[in-house]
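Worksheet for the structure shown next.
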Amino acid sequence: MGVLLLFDYTMMRGLASHSFVEWLMAVNDLFSSFPLRMRVEAQALSRVYVRESDCFAVHGSVPPALNTSVLYSFNDPVINVCRGEISALSEFPSDLIVTPVYRLEPNGPQGVPSGNVFIRFRPQISVEVRQKEIEACGFSIRESLSYAPHAAWLRSRDGNIATALNSIAKLRDLNDVELVEPQMLIKRVQRSSDNSLSNAPP
């Protein structure tokens with residue numbers, strides 16, 4: 001009886017916080033280190049990404065067992081989006097990098113986090129001047145932008161994509177920051193003679 005009551009209480013908390021689907025994903029979540037949802041807010045900009053439950057992304061070549069599950073791929077970097085659920089990660093190589101796939105609300109396209117994070121300070125603030133603060137947040141500068149010295153691409157210092165996504169809030173708390181956004185690789189809308197994929201920066 002105690003277990004049942006605990007289950008009922010936990011379910012009610014899940015229903016109250018987000019949705020039943022999101023709560024169900026968290027009960028036995030192999031992607032527990034990744035956020036269920038990510039919000040990007042800046043002046044005249046508001047985006048919410050919600051984790052998908054029926055697909056996942058393999059960063060790099062897919063094991064042969066997943067070849068038939070590939071829905072679409074990115075070439076640079078090599079990422080394969082696969083249908084289904086990750087239910088037996090132990091069956092795959094230990095160095096296989098697998099992440100969730102997110103969807104832009106409401107009813108927007110799917111996006112795969114690359115691990116890169118875009119930061120933009122106020123125009124008069126150089127990223128290099130704030131490098132120590134950025135490093136204190138757990139990031140390093142991956143690419144400086146010569147045409148916009150107040151902006152840069154960052155990467156988590158441990159190289160972990162989940163770490164980068166979960167540490168974005170620290171960057172947002174820095175003074176003079178105008179925008180912090182994870183790079184999401186999004187499949188380009190297919191045209192009659194174009195089926196390429198886009199990973200343009202935000």
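Lettering and numbering for the structure tokens are positional, with chains as A, B, ... in the shown order, residues counted from 1 in each chain, and ligands counted from 1 in the shown order.
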
Considering only C-alpha atoms, return as a PDB file with N, CA and C atoms, in the first residue's frame whatever protein or nucleic-acid residues lie within 8 Å of Phe121 of chain A, sequence-local ones (same chain, fewer than 3 positions apart) excluded.
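Generated file (around.pdb):
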ATOM      1  N   GLN A 124      29.837  46.202 -26.919  1.00  0.00           N
ATOM      2  CA  GLN A 124      31.098  46.800 -26.475  1.00  0.00           C
ATOM      3  C   GLN A 124      31.912  45.871 -25.571  1.00  0.00           C
ATOM      4  N   ILE A 125      31.413  44.655 -25.320  1.00  0.00           N
ATOM      5  CA  ILE A 125      32.089  43.710 -24.429  1.00  0.00           C
ATOM      6  C   ILE A 125      32.744  42.602 -25.256  1.00  0.00           C
ATOM      7  N   SER A 126      34.052  42.484 -25.185  1.00  0.00           N
ATOM      8  CA  SER A 126      34.774  41.438 -25.912  1.00  0.00           C
ATOM      9  C   SER A 126      34.708  40.117 -25.153  1.00  0.00           C
ATOM     10  N   VAL A 127      34.510  39.036 -25.893  1.00  0.00           N
ATOM     11  CA  VAL A 127      34.472  37.708 -25.276  1.00  0.00           C
ATOM     12  C   VAL A 127      35.804  37.392 -24.602  1.00  0.00           C
ATOM     13  N   HIS A 150      32.276  40.315 -29.757  1.00  0.00           N
ATOM     14  CA  HIS A 150      31.463  40.183 -28.543  1.00  0.00           C
ATOM     15  C   HIS A 150      30.703  38.860 -28.511  1.00  0.00           C
ATOM     16  N   ALA A 151      30.961  37.992 -29.498  1.00  0.00           N
ATOM     17  CA  ALA A 151      30.271  36.703 -29.575  1.00  0.00           C
ATOM     18  C   ALA A 151      31.274  35.591 -29.862  1.00  0.00           C
ATOM     19  N   ASP A 176      26.239  41.380 -18.555  1.00  0.00           N
ATOM     20  CA  ASP A 176      26.354  41.888 -19.931  1.00  0.00           C
ATOM     21  C   ASP A 176      26.032  40.850 -21.003  1.00  0.00           C
ATOM     22  N   VAL A 177      25.523  39.681 -20.636  1.00  0.00           N
ATOM     23  CA  VAL A 177      25.179  38.662 -21.630  1.00  0.00           C
ATOM     24  C   VAL A 177      23.826  38.988 -22.259  1.00  0.00           C
ATOM     25  N   GLU A 178      23.776  38.957 -23.589  1.00  0.00           N
ATOM     26  CA  GLU A 178      22.526  39.201 -24.310  1.00  0.00           C
ATOM     27  C   GLU A 178      21.867  37.906 -24.766  1.00  0.00           C
ATOM     28  N   LEU A 179      22.674  36.897 -25.090  1.00  0.00           N
ATOM     29  CA  LEU A 179      22.115  35.649 -25.608  1.00  0.00           C
ATOM     30  C   LEU A 179      23.048  34.486 -25.318  1.00  0.00           C
TER      31      LEU A 179
END

>> Just want the 10 Å neighbourhood of Gln110 of chain A, counted on only C-alpha atoms, with same-chain residues fewer than 3 positions away dropped. Output as a PyMOL selection string.
In response: chain A and resi 49-52+81+101-105+107+184-187

>> Let's see if you can do this: from backbone DSSP, list all alpha helix (DSSP H) residues in segment 95-143 of chain A, as a PyMOL selection string.
In response: chain A and resi 131-136

Serialized selection, N, CA and C atoms, as a PDB file, in the first residue's frame:
ATOM      1  N   GLN A 131      36.945  35.833 -20.727  1.00  0.00           N
ATOM      2  CA  GLN A 131      37.327  34.425 -20.870  1.00  0.00           C
ATOM      3  C   GLN A 131      37.416  33.694 -19.527  1.00  0.00           C
ATOM      4  N   LYS A 132      37.999  34.318 -18.525  1.00  0.00           N
ATOM      5  CA  LYS A 132      38.146  33.658 -17.224  1.00  0.00           C
ATOM      6  C   LYS A 132      36.792  33.348 -16.601  1.00  0.00           C
ATOM      7  N   GLU A 133      35.840  34.257 -16.766  1.00  0.00           N
ATOM      8  CA  GLU A 133      34.494  34.019 -16.242  1.00  0.00           C
ATOM      9  C   GLU A 133      33.822  32.873 -16.988  1.00  0.00           C
ATOM     10  N   ILE A 134      34.048  32.824 -18.296  1.00  0.00           N
ATOM     11  CA  ILE A 134      33.495  31.734 -19.102  1.00  0.00           C
ATOM     12  C   ILE A 134      34.081  30.399 -18.656  1.00  0.00           C
ATOM     13  N   GLU A 135      35.381  30.374 -18.425  1.00  0.00           N
ATOM     14  CA  GLU A 135      36.034  29.143 -17.981  1.00  0.00           C
ATOM     15  C   GLU A 135      35.553  28.731 -16.597  1.00  0.00           C
ATOM     16  N   ALA A 136      35.257  29.703 -15.748  1.00  0.00           N
ATOM     17  CA  ALA A 136      34.738  29.396 -14.412  1.00  0.00           C
ATOM     18  C   ALA A 136      33.357  28.749 -14.483  1.00  0.00           C
TER      19      ALA A 136
END

>> Report as number ranges by chain all protein, DNA and RNA residues lying within 12 Å of segment 154-168 of chain A, evaluated on only C-alpha atoms, omitting residues in the same chain fewer than 3 positions from it.
In response: A: 31-41, 49, 59, 97-100, 112-120, 127-128, 131, 134-145, 151, 171-174, 177, 179-184

Could the residues in this selection be written to a file with N, CA and C atoms, as a short mmCIF file (atom, residue, chain, number, x, y, z; two decimals), in the first residue's frame?
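The result, written out as out-v6.cif:
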data_model
loop_
_atom_site.label_atom_id
_atom_site.label_comp_id
_atom_site.auth_asym_id
_atom_site.auth_seq_id
_atom_site.Cartn_x
_atom_site.Cartn_y
_atom_site.Cartn_z
N PHE A 31 18.45 8.93 -20.48
CA PHE A 31 19.01 10.24 -20.78
C PHE A 31 18.80 11.19 -19.60
N SER A 32 18.87 10.67 -18.40
CA SER A 32 18.56 11.47 -17.21
C SER A 32 19.51 12.65 -17.03
N SER A 33 20.70 12.58 -17.62
CA SER A 33 21.65 13.68 -17.47
C SER A 33 21.34 14.84 -18.42
N PHE A 34 20.39 14.65 -19.33
CA PHE A 34 20.01 15.70 -20.28
C PHE A 34 18.72 16.37 -19.82
N PRO A 35 18.58 17.67 -20.02
CA PRO A 35 17.34 18.35 -19.62
C PRO A 35 16.15 17.89 -20.45
N LEU A 36 14.97 17.84 -19.81
CA LEU A 36 13.75 17.49 -20.52
C LEU A 36 13.33 18.60 -21.47
N ARG A 37 13.60 19.83 -21.06
CA ARG A 37 13.26 20.97 -21.91
C ARG A 37 14.30 22.06 -21.73
N MET A 38 14.48 22.83 -22.77
CA MET A 38 15.44 23.93 -22.75
C MET A 38 14.77 25.19 -23.27
N ARG A 39 14.93 26.26 -22.52
CA ARG A 39 14.33 27.54 -22.91
C ARG A 39 15.43 28.54 -23.29
N VAL A 40 15.23 29.19 -24.42
CA VAL A 40 16.15 30.22 -24.90
C VAL A 40 15.38 31.53 -24.96
N GLU A 41 15.85 32.52 -24.20
CA GLU A 41 15.15 33.80 -24.18
C GLU A 41 16.14 34.94 -24.33
N TYR A 49 12.76 24.09 -26.45
CA TYR A 49 13.02 22.78 -27.03
C TYR A 49 12.60 21.72 -26.03
N HIS A 59 26.15 10.20 -32.40
CA HIS A 59 27.18 11.12 -32.88
C HIS A 59 28.36 10.29 -33.39
N ILE A 97 28.66 7.75 -28.59
CA ILE A 97 28.06 8.98 -28.07
C ILE A 97 26.62 9.08 -28.57
N VAL A 98 25.69 9.03 -27.64
CA VAL A 98 24.27 9.06 -27.97
C VAL A 98 23.61 10.19 -27.18
N THR A 99 22.80 10.98 -27.86
CA THR A 99 22.10 12.08 -27.19
C THR A 99 20.62 12.05 -27.56
N PRO A 100 19.80 12.75 -26.79
CA PRO A 100 18.40 12.89 -27.17
C PRO A 100 18.25 13.77 -28.41
N VAL A 112 19.13 18.50 -32.96
CA VAL A 112 20.09 17.66 -32.25
C VAL A 112 21.16 18.56 -31.65
N PRO A 113 21.39 18.51 -30.35
CA PRO A 113 22.45 19.34 -29.76
C PRO A 113 23.83 18.88 -30.20
N SER A 114 24.63 19.81 -30.71
CA SER A 114 25.97 19.47 -31.19
C SER A 114 26.99 19.49 -30.06
N GLY A 115 26.66 20.16 -28.97
CA GLY A 115 27.61 20.35 -27.88
C GLY A 115 28.20 21.75 -27.88
N ASN A 116 28.06 22.47 -29.00
CA ASN A 116 28.52 23.85 -29.06
C ASN A 116 27.47 24.77 -28.44
N VAL A 117 27.92 25.84 -27.83
CA VAL A 117 27.02 26.82 -27.23
C VAL A 117 27.42 28.21 -27.72
N PHE A 118 26.45 28.96 -28.19
CA PHE A 118 26.69 30.31 -28.70
C PHE A 118 26.45 31.32 -27.58
N ILE A 119 27.39 32.24 -27.42
CA ILE A 119 27.23 33.30 -26.43
C ILE A 119 27.46 34.65 -27.10
N ARG A 120 26.65 35.62 -26.68
CA ARG A 120 26.81 36.98 -27.21
C ARG A 120 26.66 37.97 -26.06
N VAL A 127 34.51 39.04 -25.89
CA VAL A 127 34.47 37.71 -25.28
C VAL A 127 35.80 37.39 -24.60
N GLU A 128 36.89 37.76 -25.23
CA GLU A 128 38.22 37.45 -24.68
C GLU A 128 38.43 38.10 -23.31
N GLN A 131 36.94 35.83 -20.73
CA GLN A 131 37.33 34.42 -20.87
C GLN A 131 37.42 33.69 -19.53
N ILE A 134 34.05 32.82 -18.30
CA ILE A 134 33.50 31.73 -19.10
C ILE A 134 34.08 30.40 -18.66
N GLU A 135 35.38 30.37 -18.42
CA GLU A 135 36.03 29.14 -17.98
C GLU A 135 35.55 28.73 -16.60
N ALA A 136 35.26 29.70 -15.75
CA ALA A 136 34.74 29.40 -14.41
C ALA A 136 33.36 28.75 -14.48
N CYS A 137 32.66 28.96 -15.59
CA CYS A 137 31.35 28.34 -15.80
C CYS A 137 31.48 26.94 -16.39
N GLY A 138 32.71 26.51 -16.66
CA GLY A 138 32.94 25.17 -17.19
C GLY A 138 33.07 25.10 -18.69
N PHE A 139 33.29 26.24 -19.35
CA PHE A 139 33.38 26.28 -20.81
C PHE A 139 34.74 26.81 -21.26
N SER A 140 35.08 26.49 -22.49
CA SER A 140 36.24 27.08 -23.15
C SER A 140 35.77 27.67 -24.48
N ILE A 141 36.52 28.63 -24.99
CA ILE A 141 36.16 29.24 -26.27
C ILE A 141 36.60 28.32 -27.39
N ARG A 142 35.64 27.85 -28.16
CA ARG A 142 35.94 26.95 -29.28
C ARG A 142 36.26 27.72 -30.54
N GLU A 143 35.52 28.81 -30.76
CA GLU A 143 35.73 29.60 -31.98
C GLU A 143 35.35 31.06 -31.72
N SER A 144 36.32 31.94 -31.88
CA SER A 144 36.05 33.37 -31.80
C SER A 144 35.57 33.86 -33.16
N LEU A 145 34.77 34.91 -33.16
CA LEU A 145 34.21 35.44 -34.40
C LEU A 145 34.85 36.80 -34.69
N ALA A 151 30.96 37.99 -29.50
CA ALA A 151 30.27 36.70 -29.58
C ALA A 151 31.27 35.59 -29.86
N LEU A 171 26.15 30.54 -17.71
CA LEU A 171 26.55 31.57 -18.67
C LEU A 171 25.55 32.70 -18.71
N ARG A 172 24.27 32.37 -18.62
CA ARG A 172 23.23 33.40 -18.67
C ARG A 172 23.32 34.35 -17.49
N ASP A 173 23.86 33.86 -16.39
CA ASP A 173 23.95 34.70 -15.19
C ASP A 173 25.12 35.69 -15.23
N LEU A 174 25.99 35.56 -16.23
CA LEU A 174 27.11 36.49 -16.33
C LEU A 174 26.61 37.89 -16.69
N VAL A 177 25.52 39.68 -20.64
CA VAL A 177 25.18 38.66 -21.63
C VAL A 177 23.83 38.99 -22.26
N LEU A 179 22.67 36.90 -25.09
CA LEU A 179 22.11 35.65 -25.61
C LEU A 179 23.05 34.49 -25.32
N VAL A 180 22.46 33.38 -24.87
CA VAL A 180 23.17 32.11 -24.76
C VAL A 180 22.24 31.06 -25.35
N GLU A 181 22.75 30.29 -26.31
CA GLU A 181 21.90 29.31 -26.98
C GLU A 181 22.71 28.11 -27.43
N PRO A 182 22.20 26.90 -27.15
CA PRO A 182 22.88 25.71 -27.66
C PRO A 182 22.72 25.60 -29.17
N GLN A 183 23.75 25.13 -29.84
CA GLN A 183 23.63 24.91 -31.28
C GLN A 183 22.81 23.64 -31.50
N MET A 184 21.71 23.78 -32.21
CA MET A 184 20.84 22.66 -32.53
C MET A 184 20.90 22.41 -34.03
#

> So which residues of segment 133-183 of chain A fall under strand (DSSP E) by DSSP, listed as a ChimeraX atom specification?
Replying inline: /A:139-144,151-156,177-183

> atom CA of Val58 of chain A and atom CA of Pro109 of chain A are how many Å apart?
Replying inline: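 Atom CA of Pro109 of chain A lies at a distance of 18.0 Å from atom CA of Val58 of chain A.
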
>> Need to verify the contact set: Leu71 of chain A, 7 Å, only C-alpha atoms, exclusion of same-chain residues closer than 2 positions in sequence. Can you return it as a list in words?
In response: Ser69, Val81, Cys82 and Arg83 of chain A

Output file for the selection above: N, CA and C atoms, as a compact mmCIF listing (two decimals), in the first residue's frame:
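Contents of the output file selection.txt:
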# COMPACT_ATOMS: atom_id res chain seq x y z
N SER A 69 17.50 1.69 -38.59
CA SER A 69 16.75 2.63 -37.75
C SER A 69 17.04 4.09 -38.08
N VAL A 81 20.30 10.39 -36.84
CA VAL A 81 19.09 10.37 -36.03
C VAL A 81 18.36 9.06 -36.30
N CYS A 82 18.08 8.33 -35.22
CA CYS A 82 17.48 7.00 -35.35
C CYS A 82 16.11 6.96 -34.69
N ARG A 83 15.22 6.17 -35.25
CA ARG A 83 13.91 5.97 -34.65
C ARG A 83 14.00 4.95 -33.52

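Across the model, the gap from atom CA of Gly108 of chain A to atom CA of Arg47 of chain A is 10.2 Å.
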
> If you measure from atom CA of Tyr72 of chain A to atom CA of Gly111 of chain A, what distance in Å do you get, rounded to one decimal?
Replying inline: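 Value for the atom CA of Tyr72 of chain A-atom CA of Gly111 of chain A distance: 11.8 Å.
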